[in-house]
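Encoded as structure tokens, the structure appears first; notes follow it.
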Amino acid sequence: MLNRCLPGSLNRREFSASLLAAPWALSLASPALAAATVGQAAPDFSATDTTGKTRKLSDYKGKLVVLEWTNPGCPFVQKHYNGNMQGLQKEFAAKGVVWLAINSTETSHGDYLAPAKLAGWLGEKQAAPTALLMDESGKIGQLYGAKTTPHMYIVSPQGRLIYAGGIDSIASAREDDIKTATNYVRQGLSEALGGKTLSVASSRAYGCSIKYKA
């Protein structure tokens with residue numbers, strides 16, 4: 001897979017300009033969602049995972065569920081899969097949280113990976129989602145208004161959408177920014193597990209645009 005690394009010598013202004021010029025240019029999604037709305041019931045869905053097993057969101061009622069839109073070819077996903085995303089998955093799996101990664105890349109796009117290759121990528125990265133779901137039609141992504149990879153959602157045990165937006169507060173593909181960013185997913189899950197209302201229920205998602213079927 002082509003590893004589109006970012007030059008370490010770019011300053012922040014040059015880096016921002018390079019994002020706009022790049023073919024995978026940074027996409028900033030609006031916090032507002034067309035179908036799935038924070039505070040309302042999370043739309044149910046059914047999809048096949050990379051092992052061929054059918055998964056339904058409603059099967060996990062009674063548990064906190066994370067929905068993570070992903071695409072291994074995206075530099076913003078690569079940033080977080082250098083340990084950050086896997087750490088979150090493992091940390092909260094140990095606390096009973098269900099983690100569903102979703103790939104909505106259409107089959108004709110160069111970034112598309114068949115289920116076996118996606119499963120291989122998960123293994124290489126030592127990732128630990130509960131499942132990685134195939135959404136080649138884009139129906140689930142469009143149902144949730146997902147715009148970027150990554151785009152993150154948290155569903156409460158009661159089936160309500162309680163968070164939608166970015167994984168953290170710094171919209172960049174620089175791995176160094178992870179340590180100084182506020183991780184909205186960790187913060188939200190920790191608050192929800194503690195029975196608290198989320199202090200940040202929505203934020204602007206950032207990353208590569210999802211390669212939806214035309």
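Going by the structure tokens order, chains are called A, B, ..., each with residues numbered from 1, while ligands are numbered from 1 in the order shown.
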(request) Please identify all polymer residues within 8 Å of Gly188 in chain A, counting only C-alpha atoms, omitting same-chain residues fewer than 4 positions from it, and present them as number ranges by chain. (result) A: 154, 163, 184, 192, 198-201
(request) Could you give me, as a list in words, the residues within 8 Å of range 81-86 of chain A, counting only C-alpha atoms and dropping anything in the same chain fewer than 6 positions from it? (result) Lys125, Gln126, Ala127, Ala128, Pro129 and Ile178 of chain A
Using C-alpha atoms, can you write the selected residues to a file as a compact mmCIF listing (two decimals), in the first residue's frame?
# COMPACT_ATOMS: atom_id res chain seq x y z
CA LYS A 125 -1.86 -3.16 13.14
CA GLN A 126 -2.77 -5.34 16.14
CA ALA A 127 -6.09 -3.53 16.18
CA ALA A 128 -8.89 -4.72 18.42
CA PRO A 129 -12.33 -3.53 17.26
CA ILE A 178 -2.03 13.37 19.31
(request) Please give the complete set of residues from range 87-194 of chain A that DSSP, run on the backbone, assigns to helix (DSSP H, G or I), formatted as a ChimeraX atom specification. (result) /A:87-93,115-125,139-144,175-180,184-193
(request) From a DSSP pass on the backbone, collect the residues of chain A flagged as strand (DSSP E or B) and hand them back as a VMD selection string. (result) chain A and resid 27 to 28 41 46 to 49 54 to 56 65 to 69 98 to 103 131 to 134 148 to 149 151 to 155 160 to 165 168 183 202 206 to 209
C-alpha atoms of the current selection, written as a PDB file, in the first residue's frame:
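Generated output (out_2.pdb):
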ATOM      1  CA  SER A  27     -12.096  17.305   4.863  1.00  0.00           C
ATOM      2  CA  LEU A  28     -13.789  19.080   7.763  1.00  0.00           C
ATOM      3  CA  ALA A  41     -32.191   7.225  18.771  1.00  0.00           C
ATOM      4  CA  SER A  46     -27.201  -4.546   9.728  1.00  0.00           C
ATOM      5  CA  ALA A  47     -23.918  -5.338   7.941  1.00  0.00           C
ATOM      6  CA  THR A  48     -21.510  -8.180   7.294  1.00  0.00           C
ATOM      7  CA  ASP A  49     -18.123  -8.019   8.968  1.00  0.00           C
ATOM      8  CA  THR A  54     -23.852 -10.365  10.202  1.00  0.00           C
ATOM      9  CA  ARG A  55     -23.847  -7.673  12.862  1.00  0.00           C
ATOM     10  CA  LYS A  56     -26.786  -5.485  13.918  1.00  0.00           C
ATOM     11  CA  VAL A  65     -21.025   1.249  21.266  1.00  0.00           C
ATOM     12  CA  VAL A  66     -18.393   3.166  19.307  1.00  0.00           C
ATOM     13  CA  LEU A  67     -18.799   3.537  15.536  1.00  0.00           C
ATOM     14  CA  GLU A  68     -15.536   4.352  13.775  1.00  0.00           C
ATOM     15  CA  TRP A  69     -15.430   5.102  10.035  1.00  0.00           C
ATOM     16  CA  VAL A  98     -18.406  -2.551  21.811  1.00  0.00           C
ATOM     17  CA  TRP A  99     -16.290  -1.070  18.995  1.00  0.00           C
ATOM     18  CA  LEU A 100     -17.557  -1.323  15.419  1.00  0.00           C
ATOM     19  CA  ALA A 101     -15.198  -0.068  12.716  1.00  0.00           C
ATOM     20  CA  ILE A 102     -16.970   0.602   9.401  1.00  0.00           C
ATOM     21  CA  ASN A 103     -15.478   0.859   5.916  1.00  0.00           C
ATOM     22  CA  ALA A 131     -15.732  -6.109  14.290  1.00  0.00           C
ATOM     23  CA  LEU A 132     -14.925  -4.298  11.043  1.00  0.00           C
ATOM     24  CA  LEU A 133     -18.077  -3.933   8.959  1.00  0.00           C
ATOM     25  CA  MET A 134     -18.262  -3.764   5.168  1.00  0.00           C
ATOM     26  CA  THR A 148     -14.578  11.604   6.946  1.00  0.00           C
ATOM     27  CA  THR A 149     -12.172   8.885   7.945  1.00  0.00           C
ATOM     28  CA  HIS A 151     -15.518   9.924  11.841  1.00  0.00           C
ATOM     29  CA  MET A 152     -16.508   8.824  15.339  1.00  0.00           C
ATOM     30  CA  TYR A 153     -19.842   8.165  17.048  1.00  0.00           C
ATOM     31  CA  ILE A 154     -20.830   6.901  20.498  1.00  0.00           C
ATOM     32  CA  VAL A 155     -24.149   5.150  21.119  1.00  0.00           C
ATOM     33  CA  ARG A 160     -29.240   6.987  21.787  1.00  0.00           C
ATOM     34  CA  LEU A 161     -26.518   8.768  19.860  1.00  0.00           C
ATOM     35  CA  ILE A 162     -24.530  10.683  22.493  1.00  0.00           C
ATOM     36  CA  TYR A 163     -21.465  11.756  20.501  1.00  0.00           C
ATOM     37  CA  ALA A 164     -20.665  12.525  16.877  1.00  0.00           C
ATOM     38  CA  GLY A 165     -17.549  14.123  15.441  1.00  0.00           C
ATOM     39  CA  ASP A 168      -9.826  14.618  18.959  1.00  0.00           C
ATOM     40  CA  ASN A 183      -9.301  12.989  22.800  1.00  0.00           C
ATOM     41  CA  SER A 202     -20.455  16.921  19.058  1.00  0.00           C
ATOM     42  CA  TYR A 206     -11.737  15.789  10.187  1.00  0.00           C
ATOM     43  CA  GLY A 207      -9.844  13.487   7.847  1.00  0.00           C
ATOM     44  CA  CYS A 208     -10.124  12.181   4.294  1.00  0.00           C
ATOM     45  CA  SER A 209     -13.495  12.285   2.589  1.00  0.00           C
TER      46      SER A 209
END
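Residue neighbourhood of range 104-112 of chain A, excluding near-sequence residues (fewer than 3 positions): Met1, Leu2, Trp69, Thr70, Asn71, Pro72, Gly73, Cys74, Pro115, Lys117, Leu118, Leu133, Met134, Asp135, Glu136, Ser137, Gly138, Lys139, Ile140, Gly141, Gln142, Ala146, Thr149, Ser209, Ile210, Lys211, Tyr212, Lys213 and Ala214 of chain A, at 10 Å, using only C-alpha atoms.
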Can you write out the residues you just picked, keeping C-alpha atoms, as a compact mmCIF listing (two decimals), in the first residue's frame?
# COMPACT_ATOMS: atom_id res chain seq x y z
CA MET A 1 0.00 0.00 0.00
CA LEU A 2 1.25 3.44 -0.83
CA TRP A 69 -15.43 5.10 10.04
CA THR A 70 -12.10 3.96 8.64
CA ASN A 71 -10.03 3.64 5.46
CA PRO A 72 -6.47 2.26 5.67
CA GLY A 73 -5.40 4.37 2.69
CA CYS A 74 -6.14 7.65 4.46
CA PRO A 115 -12.71 -8.19 3.52
CA LYS A 117 -7.26 -7.75 3.08
CA LEU A 118 -8.97 -5.48 5.61
CA LEU A 133 -18.08 -3.93 8.96
CA MET A 134 -18.26 -3.76 5.17
CA ASP A 135 -20.44 -0.93 3.82
CA GLU A 136 -19.49 -0.80 0.14
CA SER A 137 -22.93 0.56 -0.77
CA GLY A 138 -22.41 3.48 1.63
CA LYS A 139 -25.89 3.06 3.12
CA ILE A 140 -24.76 2.98 6.73
CA GLY A 141 -22.38 5.89 6.28
CA GLN A 142 -25.06 8.00 4.66
CA ALA A 146 -20.46 10.17 8.08
CA THR A 149 -12.17 8.88 7.94
CA SER A 209 -13.49 12.28 2.59
CA ILE A 210 -15.29 8.94 2.54
CA LYS A 211 -15.08 7.35 -0.90
CA TYR A 212 -18.80 6.76 -1.36
CA LYS A 213 -20.35 4.98 -4.31
CA ALA A 214 -21.47 7.54 -6.89
